[in-house]
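Peer 1: Structure: start-v1.txt, compact mmCIF, C-alpha atoms.
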```txt
# COMPACT_ATOMS: atom_id res chain seq x y z
CA MET O 13 -15.48 -10.21 15.07
CA ALA O 14 -17.68 -7.54 13.49
CA SER O 15 -18.27 -5.92 10.14
CA ILE O 16 -18.47 -2.18 9.57
CA ASP O 17 -20.74 0.15 7.68
CA THR O 18 -19.30 1.01 4.25
CA ALA O 19 -21.05 4.35 3.88
CA ALA O 20 -18.58 7.09 2.95
CA PRO O 21 -18.44 10.67 1.68
CA ALA O 22 -18.34 11.34 -2.06
CA LEU O 23 -15.11 10.18 -3.70
CA PRO O 24 -13.73 10.60 -7.22
CA ALA O 25 -14.41 7.88 -9.72
CA VAL O 26 -12.00 4.98 -9.88
CA ASP O 27 -9.84 4.84 -13.00
CA LEU O 28 -8.25 1.45 -13.57
CA THR O 29 -7.09 2.13 -17.11
CA GLY O 30 -3.86 0.28 -17.74
CA PHE O 31 -4.10 -2.00 -14.69
CA THR O 32 -4.64 -5.75 -14.96
CA PRO O 33 -7.28 -7.57 -12.89
CA ALA O 34 -4.50 -9.25 -10.91
CA GLN O 35 -2.90 -5.91 -10.05
CA VAL O 36 -6.22 -4.46 -8.96
CA ALA O 37 -7.03 -7.52 -6.85
CA PHE O 38 -3.68 -7.28 -5.05
CA ALA O 39 -4.20 -3.60 -4.23
CA ALA O 40 -7.85 -4.11 -3.30
CA ALA O 41 -6.94 -6.66 -0.63
CA ALA O 42 -5.11 -3.97 1.35
CA TRP O 43 -8.15 -1.76 1.89
CA PRO O 44 -10.16 -4.01 4.28
CA MET O 45 -7.02 -4.32 6.41
CA ARG O 46 -6.63 -0.56 6.42
CA ALA O 47 -10.26 -0.19 7.44
CA ALA O 48 -9.69 -2.56 10.36
CA GLU O 49 -6.64 -0.57 11.46
CA GLU O 50 -8.63 2.66 11.36
CA LEU O 51 -11.41 1.09 13.44
CA ARG O 52 -8.88 -0.01 16.04
CA SER O 53 -7.54 3.55 16.13
CA ALA O 54 -11.07 4.83 16.70
CA LEU O 55 -11.49 2.45 19.62
CA ILE O 56 -8.18 3.39 21.20
CA PHE O 57 -8.88 7.12 20.82
CA ARG O 58 -12.33 6.62 22.31
CA ALA O 59 -10.61 5.07 25.32
CA LEU O 60 -8.23 8.05 25.40
CA THR O 61 -11.17 10.46 25.42
CA ARG O 62 -12.86 8.65 28.30
CA ALA O 63 -9.65 8.29 30.31
CA ALA O 64 -8.83 11.97 29.85
CA GLY O 65 -12.26 12.87 31.17
CA ALA O 66 -11.82 10.60 34.19
CA ALA O 67 -8.36 12.05 34.82
CA LYS O 68 -9.78 15.59 34.70
CA VAL O 69 -7.61 16.61 31.77
CA PRO O 70 -8.63 20.20 30.95
CA GLU O 71 -10.25 21.30 27.75
CA PRO O 72 -9.76 21.57 24.84
CA TRP O 73 -8.12 18.16 25.01
CA THR O 74 -11.08 15.86 25.55
CA THR O 75 -12.92 17.62 22.73
CA ARG O 76 -9.90 17.21 20.44
CA PHE O 77 -9.57 13.55 21.33
CA ALA O 78 -13.26 12.97 20.64
CA ALA O 79 -12.84 14.59 17.22
CA MET O 80 -10.03 12.15 16.48
CA VAL O 81 -12.44 9.28 17.12
CA GLY O 82 -14.81 10.66 14.50
CA ASP O 83 -11.96 11.10 12.06
CA GLU O 84 -10.84 7.50 12.44
CA ILE O 85 -14.37 6.19 11.94
CA GLY O 86 -14.53 8.27 8.78
CA HIS O 87 -11.22 6.81 7.64
CA ALA O 88 -12.52 3.29 8.16
CA ARG O 89 -15.56 4.07 6.03
CA LEU O 90 -13.39 5.59 3.32
CA CYS O 91 -11.14 2.53 3.24
CA ALA O 92 -14.13 0.22 3.14
CA GLU O 93 -15.65 2.20 0.29
CA VAL O 94 -12.44 2.15 -1.75
CA GLY O 95 -12.07 -1.58 -1.18
CA SER O 96 -15.66 -2.14 -2.27
CA ARG O 97 -15.16 -0.17 -5.47
CA LEU O 98 -12.04 -2.19 -6.24
CA GLY O 99 -13.85 -5.47 -5.61
CA SER O 100 -12.60 -6.47 -2.15
CA GLU O 101 -14.70 -8.12 0.53
CA ARG O 102 -16.27 -6.16 3.38
CA PRO O 103 -13.80 -5.43 6.18
CA ARG O 104 -13.90 -7.22 9.48
CA TYR O 105 -11.94 -6.34 12.56
CA ASP O 106 -10.75 -7.80 15.83
CA ALA O 107 -10.91 -5.55 18.89
CA GLY O 108 -8.87 -8.02 20.94
CA PRO O 109 -5.59 -6.07 20.67
CA VAL O 110 -7.35 -2.92 21.88
CA ARG O 111 -8.84 -4.74 24.86
CA ALA O 112 -5.42 -6.17 25.75
CA ARG O 113 -3.82 -2.73 25.51
CA LEU O 114 -6.43 -1.15 27.75
CA ALA O 115 -6.30 -3.97 30.29
CA ALA O 116 -2.64 -3.12 30.90
CA LEU O 117 -3.52 0.53 31.59
CA PRO O 118 -6.12 0.57 34.39
CA ASP O 119 -5.24 4.00 35.83
CA PRO O 120 -6.96 6.91 34.01
CA THR O 121 -3.92 9.18 34.07
CA GLY O 122 -1.56 6.39 33.04
CA ARG O 123 -3.94 5.33 30.27
CA THR O 124 -4.27 8.90 29.04
CA THR O 125 -0.55 9.62 28.87
CA ALA O 126 0.39 6.20 27.46
CA ILE O 127 -2.13 6.34 24.61
CA LEU O 128 -1.39 9.99 23.96
CA LEU O 129 2.32 9.27 23.65
CA ILE O 130 2.32 5.93 21.83
CA GLU O 131 -0.78 5.77 19.66
CA ALA O 132 -1.35 9.51 19.09
CA ALA O 133 2.09 11.15 19.06
CA MET O 134 4.44 8.38 17.96
CA GLY O 135 1.97 6.20 16.06
CA GLU O 136 0.29 8.95 14.08
CA THR O 137 3.68 10.46 13.21
CA ILE O 138 4.74 7.14 11.70
CA SER O 139 1.35 6.79 10.00
CA MET O 140 1.77 10.28 8.54
CA ALA O 141 5.13 9.29 7.06
CA LEU O 142 3.74 6.09 5.56
CA LEU O 143 0.75 7.88 4.05
CA ARG O 144 3.03 10.46 2.48
CA ALA O 145 5.11 7.68 0.96
CA GLY O 146 2.02 5.93 -0.34
CA ARG O 147 0.49 9.08 -1.79
CA ARG O 148 3.77 10.06 -3.43
CA ALA O 149 3.67 6.98 -5.67
CA ALA O 150 -0.11 6.67 -6.09
CA THR O 151 -1.54 7.79 -9.43
CA GLU O 152 -5.01 6.20 -9.49
CA PRO O 153 -7.42 9.09 -8.67
CA LEU O 154 -9.64 7.36 -6.10
CA THR O 155 -6.64 5.94 -4.26
CA ARG O 156 -4.74 9.22 -4.20
CA ALA O 157 -7.76 11.23 -3.01
CA THR O 158 -8.41 8.78 -0.19
CA LEU O 159 -4.81 8.78 0.99
CA THR O 160 -4.79 12.58 0.89
CA ALA O 161 -7.96 12.81 2.99
CA ILE O 162 -6.63 10.45 5.64
CA LEU O 163 -3.20 12.12 5.66
CA THR O 164 -4.74 15.52 6.33
CA ASP O 165 -6.29 14.19 9.55
CA GLU O 166 -3.22 12.21 10.62
CA VAL O 167 -1.11 15.38 10.51
CA ARG O 168 -3.51 16.96 13.00
CA HIS O 169 -3.68 13.83 15.16
CA GLN O 170 0.07 13.57 15.63
CA ARG O 171 0.19 17.27 16.44
CA ASN O 172 -2.48 16.73 19.09
CA GLY O 173 -0.39 13.90 20.49
CA TRP O 174 2.81 15.90 20.86
CA THR O 175 1.23 19.15 22.04
CA GLY O 176 -1.06 17.28 24.42
CA MET O 177 1.91 15.47 25.94
CA THR O 178 3.79 18.76 26.27
CA THR O 179 0.81 20.22 28.12
CA LEU O 180 0.53 17.29 30.55
CA TRP O 181 4.26 16.70 31.08
CA PRO O 182 4.83 19.26 33.90
CA SER O 183 2.11 17.63 36.01
CA LEU O 184 3.63 14.14 35.84
CA SER O 185 5.67 12.60 38.64
CA GLY O 186 9.09 11.04 38.20
CA ARG O 187 7.55 7.58 38.37
CA GLN O 188 4.97 8.46 35.71
CA ARG O 189 7.70 9.82 33.44
CA GLU O 190 9.79 6.69 33.85
CA ALA O 191 6.74 4.60 32.97
CA LEU O 192 6.43 6.60 29.76
CA GLN O 193 10.11 5.99 29.00
CA LEU O 194 9.37 2.26 29.08
CA GLU O 195 6.20 2.79 27.03
CA ALA O 196 8.26 4.55 24.37
CA THR O 197 10.74 1.65 24.20
CA ASN O 198 7.95 -0.90 23.93
CA GLY O 199 6.17 1.26 21.39
CA PHE O 200 9.23 1.45 19.18
CA ALA O 201 9.62 -2.34 19.29
CA ALA O 202 5.97 -2.87 18.36
CA PHE O 203 6.00 -0.33 15.53
CA GLU O 204 9.18 -1.78 14.03
CA ARG O 205 7.77 -5.30 14.25
CA GLN O 206 4.50 -4.29 12.60
CA VAL O 207 5.71 -1.82 9.99
CA ALA O 208 9.33 -2.46 9.04
CA VAL O 209 10.11 -6.10 9.73
CA PRO O 210 7.66 -7.63 7.19
CA ALA O 211 9.02 -5.30 4.49
CA LEU O 212 12.62 -6.10 5.44
CA ARG O 213 11.89 -9.81 5.18
CA ARG O 214 10.46 -9.36 1.68
CA LEU O 215 13.55 -7.46 0.65
CA GLU O 216 15.85 -10.09 2.13
CA ALA O 217 13.92 -12.80 0.28
CA GLY O 218 14.29 -10.91 -2.98
CA GLU O 219 10.54 -10.82 -3.60
CA SER O 220 9.54 -8.83 -6.66
CA PHE O 221 7.23 -5.82 -6.40
CA ASP O 222 5.15 -4.69 -9.35
CA PRO O 223 5.35 -0.86 -9.71
CA ALA O 224 1.65 -0.91 -10.57
CA PHE O 225 0.94 -1.83 -6.97
CA ALA O 226 2.48 1.47 -5.83
CA ALA O 227 0.39 3.36 -8.38
CA LEU O 228 -2.63 1.74 -6.71
CA GLY O 229 -1.53 2.81 -3.21
CA VAL O 230 0.46 -0.18 -1.95
CA ILE O 231 3.77 1.03 -0.53
CA ALA O 232 6.83 -0.70 -1.98
CA PRO O 233 8.94 -2.49 0.66
CA GLU O 234 11.90 -0.15 0.12
CA ALA O 235 9.69 2.91 0.48
CA ARG O 236 8.02 1.50 3.60
CA VAL O 237 11.36 0.82 5.27
CA ASP O 238 12.74 4.24 4.32
CA ALA O 239 9.61 6.06 5.52
CA PHE O 240 9.57 4.23 8.84
CA TYR O 241 13.22 4.69 9.80
CA SER O 242 13.32 8.26 8.54
CA ALA O 243 10.28 9.16 10.65
CA VAL O 244 11.83 7.54 13.71
CA GLU O 245 15.22 9.19 13.27
CA HIS O 246 14.15 12.66 12.17
CA LEU O 247 10.80 13.11 13.89
CA VAL O 248 9.98 10.74 16.72
CA VAL O 249 13.32 10.44 18.54
CA PRO O 250 14.00 14.21 18.55
CA ARG O 251 10.46 14.98 19.71
CA LEU O 252 10.69 12.47 22.56
CA THR O 253 13.91 14.12 23.65
CA ALA O 254 12.40 17.60 23.42
CA LEU O 255 9.50 16.39 25.55
CA GLY O 256 11.81 15.29 28.34
CA LEU O 257 12.28 11.60 27.61
CA ASP O 258 15.48 9.98 26.36
CA GLY O 259 14.52 9.36 22.75
CA ALA O 260 17.78 7.67 21.79
CA ARG O 261 17.60 5.34 24.78
CA ALA O 262 14.00 4.44 24.00
CA TRP O 263 14.95 3.57 20.42
CA SER O 264 18.08 1.57 21.21
CA GLY O 265 16.41 -0.16 24.14
CA ARG O 266 13.91 -1.94 21.88
CA TYR O 267 16.55 -4.65 21.31
CA ARG O 268 16.78 -5.39 25.03
CA ARG O 269 13.09 -5.93 25.68
```
Can you turn what I pasted into structure tokens?
Peer 2:
Amino acid sequence: MASIDTAAPALPAVDLTGFTPAQVAFAAAAWPMRAAEELRSALIFRALTRAAGAAKVPEPWTTRFAAMVGDEIGHARLCAEVGSRLGSERPRYDAGPVRARLAALPDPTGRTTAILLIEAAMGETISMALLRAGRRAATEPLTRATLTAILTDEVRHQRNGWTGMTTLWPSLSGRQREALQLEATNGFAAFERQVAVPALRRLEAGESFDPAFAALGVIAPEARVDAFYSAVEHLVVPRLTALGLDGARAWSGRYRR
């Protein structure tokens, strides 16, 4: 476990007029978790950069991947700063999931293409959709500015993922492509489990959601579910198919893992 530096670029002043301490505390608790997620993204994209170099992936890709690492570190600092201003504790993160992911991808080319497809292309596309949903409802100035800053980078990251995969695709063997088909299926299952299932369970349980939480940047369960499945259906599955994978099979196959 490790803590992170909370230094961040200048941000607008927080305006909590009209919010109760309990509402602010609920929203504040999300920011250290966001910071930890951004740090994990930085670590995984650092591994992508190194693997791409070892696999002799041509420029400008390694430079672009390295820039994504810097972006994610900046996001973590932004999230930590927002949490601090709202009264949350300093973020801490666990790199264990990243180590486990990398241990399963020892080959540089396989590591490059797997991370590029799952974490960069698919993952950042879903992240982009969630950030848009969160920003749409956010009204507090500091929260909205932070979500906007992160969203701007995530749009570029997902574009790097898809265009990078399109560039590398012709050089991949049939076996490598089939491995990516399985990666896509596993990726869908993991994303649904992490993003949609907790929200679906809250909806099934009939848990209430204070609209003030959304104004402070917490995505309502209904909005989270809608954003996730819309991104999968309208963005991720078609792009997988355009790439050369079977997007529909990858999505439906998550139930048979």
Peer 1: Just how far from CA of Trp181 (chain O) is CA of Glu245 (chain O), in Å to one decimal?
Peer 2: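 According to the coordinates, CA of Glu245 (chain O) and CA of Trp181 (chain O) are separated by 22.2 Å.
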Peer 1: So how far away is CA of Met140 (chain O) from CA of Glu216 (chain O), in Å?
Peer 2: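 That distance, rounded to one decimal, is 25.6 Å.
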Peer 1: Identify which of the residues O:Leu228, O:Val69, O:Ala64, O:Glu93 lies closest to Asp27 (chain O), counting all atoms listed in the file when measuring atom-to-atom distances.
Peer 2: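 With all atoms listed in the file as the atom set, the closest residue is O:Leu228.
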Peer 1: Extract, using only C-alpha atoms, all DNA, RNA and protein residues at most 12 Å from Gly218 (chain O), discarding same-chain residues fewer than 5 positions from it, and format them as a list of chain:residue names.
Peer 2: O:Ala211, O:Leu212, O:Arg213, O:Pro233, O:Glu234
Peer 1: Under the rule that all atoms listed in the file are counted, which of O:Ala133, O:Ile85, O:Val237, O:Ala116 is the nearest residue to Arg168 (chain O)?
Peer 2: O:Ala133
Peer 1: Nearest to Leu252 (chain O) among O:Glu152, O:Glu219, O:Glu195, O:Glu204, with distances taken over all atoms listed in the file: which residue is it?
Peer 2: O:Glu195
Peer 1: Ranking O:Ala34, O:Ala47, O:Ala126, O:Ala25 by minimum distance to Glu190 (chain O) and counting all atoms listed in the file, which one comes first?
Peer 2: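 Nearest to Glu190 (chain O): O:Ala126.
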